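Trainee: The structure follows.
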Amino acid sequence: MLPHQHTHSQEKFMIKKRWGLALVTAVVAGLALSGCSPSASEPKGPVTLNYWDFLDPSQANPRSKALKENIAKFEAANPDIKINLSVVSLGDMLNRLPQAAAAGQAPDVFKMFTPVVPQMASAGVYSPLPEAASKVTDWLRPTDTLAGPDGKPVAVPYEYRTCALYYNQKILSQIGATVPTTYNEVVEVAKKAAAAGFTGFGTGFSDTDNSAIISTFFNCFMSQVDREIWNKDGQADFATDKGNEFGDFLAKLRDEKALGSNVVSDTYGTVADGMASGTVAMAVLGTERAVSFGSQNKDLKWTALPKASTGDTTGTTIGWTLGIGNGSKNTEAAWKFIEYMTGPEAGALMATGGEVPTRAATYQQPFFSTPEAKTVNDIAAYVKTNSEPRTYSNTWTALATGLSQAGQKLTLNGSSGNDFIRSAQDAANKK
């Protein structure tokens, strides 16, 4: 059984809107939408949409296969719209999108990580969503934070995820350890695993792809301890006792030699590869890895986040979004593609890869009543009960880079957990 989500303060309730919908009403609304006819302003003649995604549909993993099939099905249903997909990493997107938008060459549609949407909107990379977007009302999370500086919506959620503790049951059995339920226990188990020749706890301080692994973990931990990352003025403000606990956890792992030998350069991908190959005992990664891990290594299991000294197991709801590039001349076709990719048919196929669909209507698809859907249904239930959305400032990349650089100092210079947190906060606030 998963731990129950506790009752939070009124202030947090206002900032991190909870997952709340009248599902029956939403499903009815979503199903009604599926019967709507195309807009009269839909482009005439063939249209090619330039689409940027970090997933490579030529790869053999479940998520890439689902993306490839969804694009093919959309094109088959819409013969006048072709999708020209470019595989672009998040790091490259963050660099290239503002330049492309300024030059009038932004993609028609692109995928963007939730924490960076406000920053990219401030950089002018989005076109406002068309009026038709307001007719989709069955999102499982509030979408009002996915807006530009003028408050107009610029993106919609493509998939939901949160953080989970992954562990290798074979390694834990070998060292005589049980699954840890607190971060202090994680340190003890990681120490034993390291002594047995494994990487006790996998994380990484590389700044590749927006420092994805350490920043995602930090994001979830701050939710666990009920600490906002920014104050009302948008300034990073987490160098507190609660923030220090995150830095102290990393420092303890370092002192016990439980981090990877290449932790300074390790990325989200290398840690995931280490889990799959059986060289890493534990890691905190996104729930989207659960299905692929299950097919790669039968010893890999996942569970709720460990508890900090204060707080609970409730992490942050994160994920990827879809938006329309600034200057797109095909906004109607672009929205048609986005609506399909976030809709019930595409969402059910996407779920076969372990990603959690974002619309209530999707869960009425037959797939979710099959045995094959058990893992993704479990993930969806976990995301619902063990995560909450967050409102972001437009300094996420500076914070993420600050976390990776602080981690490098912690590893190479022996700095303290307090120094780690203070350094990351200063980096986020640096003008």
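Labeling convention for the structure tokens: chains A, B, ... as they appear, residues from 1 per chain, ligands from 1 in order of appearance.
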Identify all residues of segment 359-405 of chain A in alpha helix (DSSP H) (DSSP on the backbone) and supply them as a list in words.

Mentor: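 Selecting the alpha helix (DSSP H) positions of segment 359-405 of chain A gives Lys374, Thr375, Val376, Asn377, Asp378, Ile379, Ala380, Ala381, Tyr382, Val383, Lys384, Thr385, Trp396, Thr397, Ala398, Leu399, Ala400, Thr401, Gly402, Leu403, Ser404 and Gln405 of chain A.
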
Trainee: Please tabulate, as JSON lines, the residues of segment 149-195 of chain A that come within 12 Å of segment 329-348 of chain A, each with its closest pair of atoms and the distance in Å to one decimal, counting only C-alpha atoms and ordering rows by chain, then residue number upward.

Mentor:
```
{"residue": "A:Val154", "atom": "CA", "partner": "A:Trp335", "partner_atom": "CA", "distance": 11.1}
{"residue": "A:Ala155", "atom": "CA", "partner": "A:Ile338", "partner_atom": "CA", "distance": 9.5}
{"residue": "A:Val156", "atom": "CA", "partner": "A:Thr342", "partner_atom": "CA", "distance": 8.4}
{"residue": "A:Pro157", "atom": "CA", "partner": "A:Thr342", "partner_atom": "CA", "distance": 7.6}
{"residue": "A:Tyr158", "atom": "CA", "partner": "A:Thr342", "partner_atom": "CA", "distance": 5.6}
{"residue": "A:Glu159", "atom": "CA", "partner": "A:Thr342", "partner_atom": "CA", "distance": 8.0}
{"residue": "A:Tyr160", "atom": "CA", "partner": "A:Thr342", "partner_atom": "CA", "distance": 11.3}
```

Trainee: For the residues selected in the previous step, produce a file with all heavy atoms as a tab-separated table (two decimals), in the first residue's frame.

Mentor:
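Saved result, part.tsv, follows:
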```
chain	number	residue	atom	x	y	z
A	154	VAL	N	0.00	28.83	-23.13
A	154	VAL	CA	0.93	28.57	-24.23
A	154	VAL	C	1.23	27.09	-24.41
A	154	VAL	O	1.83	26.71	-25.42
A	154	VAL	CB	2.27	29.33	-24.02
A	154	VAL	CG1	2.05	30.83	-24.04
A	154	VAL	CG2	2.96	28.89	-22.73
A	155	ALA	N	0.86	26.25	-23.46
A	155	ALA	CA	1.19	24.83	-23.55
A	155	ALA	C	0.15	24.01	-22.80
A	155	ALA	O	-0.58	24.54	-21.96
A	155	ALA	CB	2.58	24.57	-22.97
A	156	VAL	N	0.09	22.73	-23.14
A	156	VAL	CA	-0.79	21.80	-22.44
A	156	VAL	C	0.04	20.58	-22.03
A	156	VAL	O	1.05	20.27	-22.67
A	156	VAL	CB	-2.00	21.36	-23.30
A	156	VAL	CG1	-2.91	22.55	-23.59
A	156	VAL	CG2	-1.54	20.70	-24.60
A	157	PRO	N	-0.37	19.87	-20.98
A	157	PRO	CA	0.43	18.73	-20.52
A	157	PRO	C	0.31	17.53	-21.45
A	157	PRO	O	-0.80	17.14	-21.84
A	157	PRO	CB	-0.16	18.42	-19.14
A	157	PRO	CG	-1.54	18.99	-19.17
A	157	PRO	CD	-1.50	20.17	-20.08
A	158	TYR	N	1.44	16.96	-21.80
A	158	TYR	CA	1.49	15.78	-22.67
A	158	TYR	C	1.51	14.50	-21.84
A	158	TYR	O	0.89	13.50	-22.20
A	158	TYR	CB	2.73	15.86	-23.55
A	158	TYR	CG	3.02	14.61	-24.35
A	158	TYR	CD1	2.27	14.29	-25.48
A	158	TYR	CD2	4.06	13.74	-23.98
A	158	TYR	CE1	2.54	13.15	-26.22
A	158	TYR	CE2	4.33	12.60	-24.72
A	158	TYR	CZ	3.57	12.31	-25.83
A	158	TYR	OH	3.84	11.18	-26.56
A	159	GLU	N	2.27	14.48	-20.75
A	159	GLU	CA	2.31	13.33	-19.86
A	159	GLU	C	2.70	13.79	-18.47
A	159	GLU	O	3.30	14.84	-18.29
A	159	GLU	CB	3.27	12.25	-20.37
A	159	GLU	CG	4.71	12.72	-20.60
A	159	GLU	CD	5.61	12.60	-19.38
A	159	GLU	OE1	5.34	11.72	-18.54
A	159	GLU	OE2	6.56	13.37	-19.27
A	160	TYR	N	2.29	13.00	-17.47
A	160	TYR	CA	2.61	13.30	-16.08
A	160	TYR	C	3.61	12.29	-15.55
A	160	TYR	O	3.59	11.10	-15.93
A	160	TYR	CB	1.36	13.24	-15.20
A	160	TYR	CG	0.31	14.28	-15.46
A	160	TYR	CD1	-1.02	13.92	-15.61
A	160	TYR	CD2	0.64	15.63	-15.56
A	160	TYR	CE1	-2.01	14.87	-15.83
A	160	TYR	CE2	-0.34	16.59	-15.78
A	160	TYR	CZ	-1.66	16.21	-15.92
A	160	TYR	OH	-2.63	17.15	-16.15
```

Trainee: What does the structure give for the distance between atom CA of Gly402 of chain A and atom CA of Asp241 of chain A, in Å to one decimal?

Mentor: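 Interatomic distance, atom CA of Gly402 of chain A to atom CA of Asp241 of chain A: 18.7 Å.
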
Trainee: Using only C-alpha atoms, can you tell me which of A:Trp52, A:Phe74, A:Tyr167, A:Tyr382 comes closest to Ala272 of chain A?

Mentor: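 Distance minimum relative to Ala272 of chain A lands on A:Tyr167.
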
Trainee: Write down as a PyMOL selection string the residues belonging to segment 42-240 of chain A that are assigned strand (DSSP E) by DSSP computed on the backbone.

Mentor: chain A and resi 47-53+81-87+109-113+126-127+155-161+163-168

Trainee: Only C-alpha atoms, please: the residues just picked out, written as a PDB file, in the first residue's frame.

Mentor:
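Output below, filename out-v6.pdb:
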```pdb
ATOM      1  CA  VAL A  47       0.589  21.268 -44.468  1.00  0.00           C
ATOM      2  CA  THR A  48       3.922  20.120 -43.044  1.00  0.00           C
ATOM      3  CA  LEU A  49       4.395  20.676 -39.324  1.00  0.00           C
ATOM      4  CA  ASN A  50       7.930  20.895 -37.999  1.00  0.00           C
ATOM      5  CA  TYR A  51       7.923  19.082 -34.643  1.00  0.00           C
ATOM      6  CA  TRP A  52      10.739  18.944 -32.091  1.00  0.00           C
ATOM      7  CA  ASP A  53      10.801  16.040 -29.646  1.00  0.00           C
ATOM      8  CA  ILE A  81      -0.972  17.208 -42.499  1.00  0.00           C
ATOM      9  CA  LYS A  82       2.524  15.728 -42.449  1.00  0.00           C
ATOM     10  CA  ILE A  83       4.818  15.692 -39.411  1.00  0.00           C
ATOM     11  CA  ASN A  84       8.488  16.506 -39.928  1.00  0.00           C
ATOM     12  CA  LEU A  85      10.052  15.359 -36.640  1.00  0.00           C
ATOM     13  CA  SER A  86      13.454  16.574 -35.462  1.00  0.00           C
ATOM     14  CA  VAL A  87      15.036  14.806 -32.474  1.00  0.00           C
ATOM     15  CA  VAL A 109       5.067  22.217 -32.316  1.00  0.00           C
ATOM     16  CA  PHE A 110       7.595  21.304 -29.657  1.00  0.00           C
ATOM     17  CA  LYS A 111       7.781  19.336 -26.455  1.00  0.00           C
ATOM     18  CA  MET A 112       9.014  21.146 -23.337  1.00  0.00           C
ATOM     19  CA  PHE A 113       9.687  20.080 -19.753  1.00  0.00           C
ATOM     20  CA  TYR A 126       5.558  30.304 -27.882  1.00  0.00           C
ATOM     21  CA  SER A 127       2.503  31.347 -29.826  1.00  0.00           C
ATOM     22  CA  ALA A 155       1.195  24.829 -23.550  1.00  0.00           C
ATOM     23  CA  VAL A 156      -0.790  21.799 -22.436  1.00  0.00           C
ATOM     24  CA  PRO A 157       0.429  18.729 -20.518  1.00  0.00           C
ATOM     25  CA  TYR A 158       1.491  15.776 -22.668  1.00  0.00           C
ATOM     26  CA  GLU A 159       2.313  13.330 -19.863  1.00  0.00           C
ATOM     27  CA  TYR A 160       2.612  13.302 -16.080  1.00  0.00           C
ATOM     28  CA  ARG A 161       5.365  11.871 -13.935  1.00  0.00           C
ATOM     29  CA  CYS A 163       9.876  10.766  -8.671  1.00  0.00           C
ATOM     30  CA  ALA A 164      10.137   7.252  -7.276  1.00  0.00           C
ATOM     31  CA  LEU A 165      12.804   5.194  -5.523  1.00  0.00           C
ATOM     32  CA  TYR A 166      14.111   2.454  -7.801  1.00  0.00           C
ATOM     33  CA  TYR A 167      16.082  -0.396  -6.293  1.00  0.00           C
ATOM     34  CA  ASN A 168      17.694  -3.648  -7.384  1.00  0.00           C
TER      35      ASN A 168
END
```

Trainee: Which of these residues is nearest to Ile171 of chain A, using only C-alpha atoms: A:Val291, A:Ser223, A:Thr279, A:Ala133?

Mentor: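 Of A:Val291, A:Ser223, A:Thr279, A:Ala133, the one nearest Ile171 of chain A is A:Thr279, counting only C-alpha atoms.
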
Trainee: Name the closest residue to Thr352 of chain A among the candidates A:Ser292, A:Thr317, A:Thr411, A:Thr145; distances are taken between atoms, counting only C-alpha atoms.

Mentor: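 Of A:Ser292, A:Thr317, A:Thr411, A:Thr145, the one nearest Thr352 of chain A is A:Ser292, counting only C-alpha atoms.
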
Trainee: Give the answer as one residue: which of A:Asn418, A:Asn262, A:Asn61, A:Ser309 has the shortest atom-to-atom distance to Thr199 of chain A, using only C-alpha atoms?

Mentor: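 Closest residue, counting only C-alpha atoms: A:Asn262.
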
Trainee: I'd like the neighbourhood of Ala66 of chain A as a PyMOL selection string, where a residue qualifies if any of its atoms comes within 10 Å (using only C-alpha atoms), though same-chain residues fewer than 2 positions away should be ignored.

Mentor: chain A and resi 57+60-64+68-72+346-355

Trainee: Can those selected residues be exported to a file as an mmCIF file, in the first residue's frame so that it contains N, CA and C atoms?

Mentor:
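After the write, result14.cif holds the following:
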```cif
data_model
loop_
_atom_site.group_PDB
_atom_site.id
_atom_site.type_symbol
_atom_site.label_atom_id
_atom_site.label_comp_id
_atom_site.auth_asym_id
_atom_site.auth_seq_id
_atom_site.Cartn_x
_atom_site.Cartn_y
_atom_site.Cartn_z
ATOM 1 N N PRO A 57 12.054 8.294 -32.553
ATOM 2 C CA PRO A 57 11.109 7.226 -32.890
ATOM 3 C C PRO A 57 11.748 6.024 -33.576
ATOM 4 N N ALA A 60 14.202 1.426 -30.198
ATOM 5 C CA ALA A 60 13.361 0.262 -29.931
ATOM 6 C C ALA A 60 12.672 0.291 -28.576
ATOM 7 N N ASN A 61 12.862 1.359 -27.796
ATOM 8 C CA ASN A 61 12.237 1.393 -26.469
ATOM 9 C C ASN A 61 10.737 1.661 -26.591
ATOM 10 N N PRO A 62 9.946 1.291 -25.577
ATOM 11 C CA PRO A 62 8.488 1.403 -25.685
ATOM 12 C C PRO A 62 7.984 2.818 -25.945
ATOM 13 N N ARG A 63 8.612 3.819 -25.334
ATOM 14 C CA ARG A 63 8.137 5.195 -25.508
ATOM 15 C C ARG A 63 8.363 5.668 -26.937
ATOM 16 N N SER A 64 9.528 5.329 -27.518
ATOM 17 C CA SER A 64 9.816 5.729 -28.895
ATOM 18 C C SER A 64 8.891 5.031 -29.876
ATOM 19 N N LYS A 68 6.268 6.896 -32.482
ATOM 20 C CA LYS A 68 6.286 6.627 -33.919
ATOM 21 C C LYS A 68 4.897 6.208 -34.405
ATOM 22 N N GLU A 69 4.249 5.320 -33.665
ATOM 23 C CA GLU A 69 2.939 4.834 -34.076
ATOM 24 C C GLU A 69 1.883 5.931 -33.995
ATOM 25 N N ASN A 70 1.960 6.772 -32.964
ATOM 26 C CA ASN A 70 0.982 7.858 -32.840
ATOM 27 C C ASN A 70 1.104 8.856 -33.983
ATOM 28 N N ILE A 71 2.319 9.194 -34.367
ATOM 29 C CA ILE A 71 2.503 10.116 -35.488
ATOM 30 C C ILE A 71 1.954 9.504 -36.776
ATOM 31 N N ALA A 72 2.231 8.219 -36.972
ATOM 32 C CA ALA A 72 1.736 7.543 -38.181
ATOM 33 C C ALA A 72 0.209 7.524 -38.205
ATOM 34 N N ALA A 346 -4.342 8.445 -28.697
ATOM 35 C CA ALA A 346 -2.883 8.538 -28.607
ATOM 36 C C ALA A 346 -2.412 8.310 -27.177
ATOM 37 N N GLY A 347 -3.186 8.799 -26.197
ATOM 38 C CA GLY A 347 -2.793 8.626 -24.803
ATOM 39 C C GLY A 347 -2.754 7.181 -24.382
ATOM 40 N N ALA A 348 -3.702 6.377 -24.863
ATOM 41 C CA ALA A 348 -3.713 4.954 -24.527
ATOM 42 C C ALA A 348 -2.499 4.250 -25.103
ATOM 43 N N LEU A 349 -2.110 4.631 -26.325
ATOM 44 C CA LEU A 349 -0.925 4.023 -26.925
ATOM 45 C C LEU A 349 0.333 4.489 -26.200
ATOM 46 N N MET A 350 0.385 5.760 -25.880
ATOM 47 C CA MET A 350 1.514 6.305 -25.137
ATOM 48 C C MET A 350 1.689 5.577 -23.802
ATOM 49 N N ALA A 351 0.570 5.209 -23.170
ATOM 50 C CA ALA A 351 0.631 4.547 -21.871
ATOM 51 C C ALA A 351 1.299 3.186 -21.939
ATOM 52 N N THR A 352 1.315 2.559 -23.116
ATOM 53 C CA THR A 352 1.990 1.271 -23.237
ATOM 54 C C THR A 352 3.494 1.414 -23.011
ATOM 55 N N GLY A 353 4.002 2.634 -23.133
ATOM 56 C CA GLY A 353 5.415 2.899 -22.878
ATOM 57 C C GLY A 353 5.690 3.354 -21.459
ATOM 58 N N GLY A 354 4.648 3.402 -20.621
ATOM 59 C CA GLY A 354 4.843 3.759 -19.225
ATOM 60 C C GLY A 354 4.572 5.205 -18.895
ATOM 61 N N GLU A 355 4.193 6.012 -19.888
ATOM 62 C CA GLU A 355 3.902 7.412 -19.624
ATOM 63 C C GLU A 355 2.454 7.567 -19.171
#
```

Trainee: Give the answer as one residue: which of A:Phe238, A:Phe54, A:Tyr392, A:Trp139 has the shortest atom-to-atom distance to Val356 of chain A, using only C-alpha atoms?

Mentor: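 Of A:Phe238, A:Phe54, A:Tyr392, A:Trp139, the one nearest Val356 of chain A is A:Trp139, counting only C-alpha atoms.
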
Trainee: Using only C-alpha atoms, can you tell me which of A:Thr203, A:Phe249, A:Gly325, A:Asn244 comes closest to Ala283 of chain A?

Mentor: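 Smallest distance to Ala283 of chain A is found for A:Thr203.
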
Trainee: As a VMD selection string, please: the residues near segment 98-104 of chain A (cut-off 6 Å, only C-alpha atoms, same-chain neighbours under 6 positions excluded).

Mentor: chain A and resid 125 326 to 327
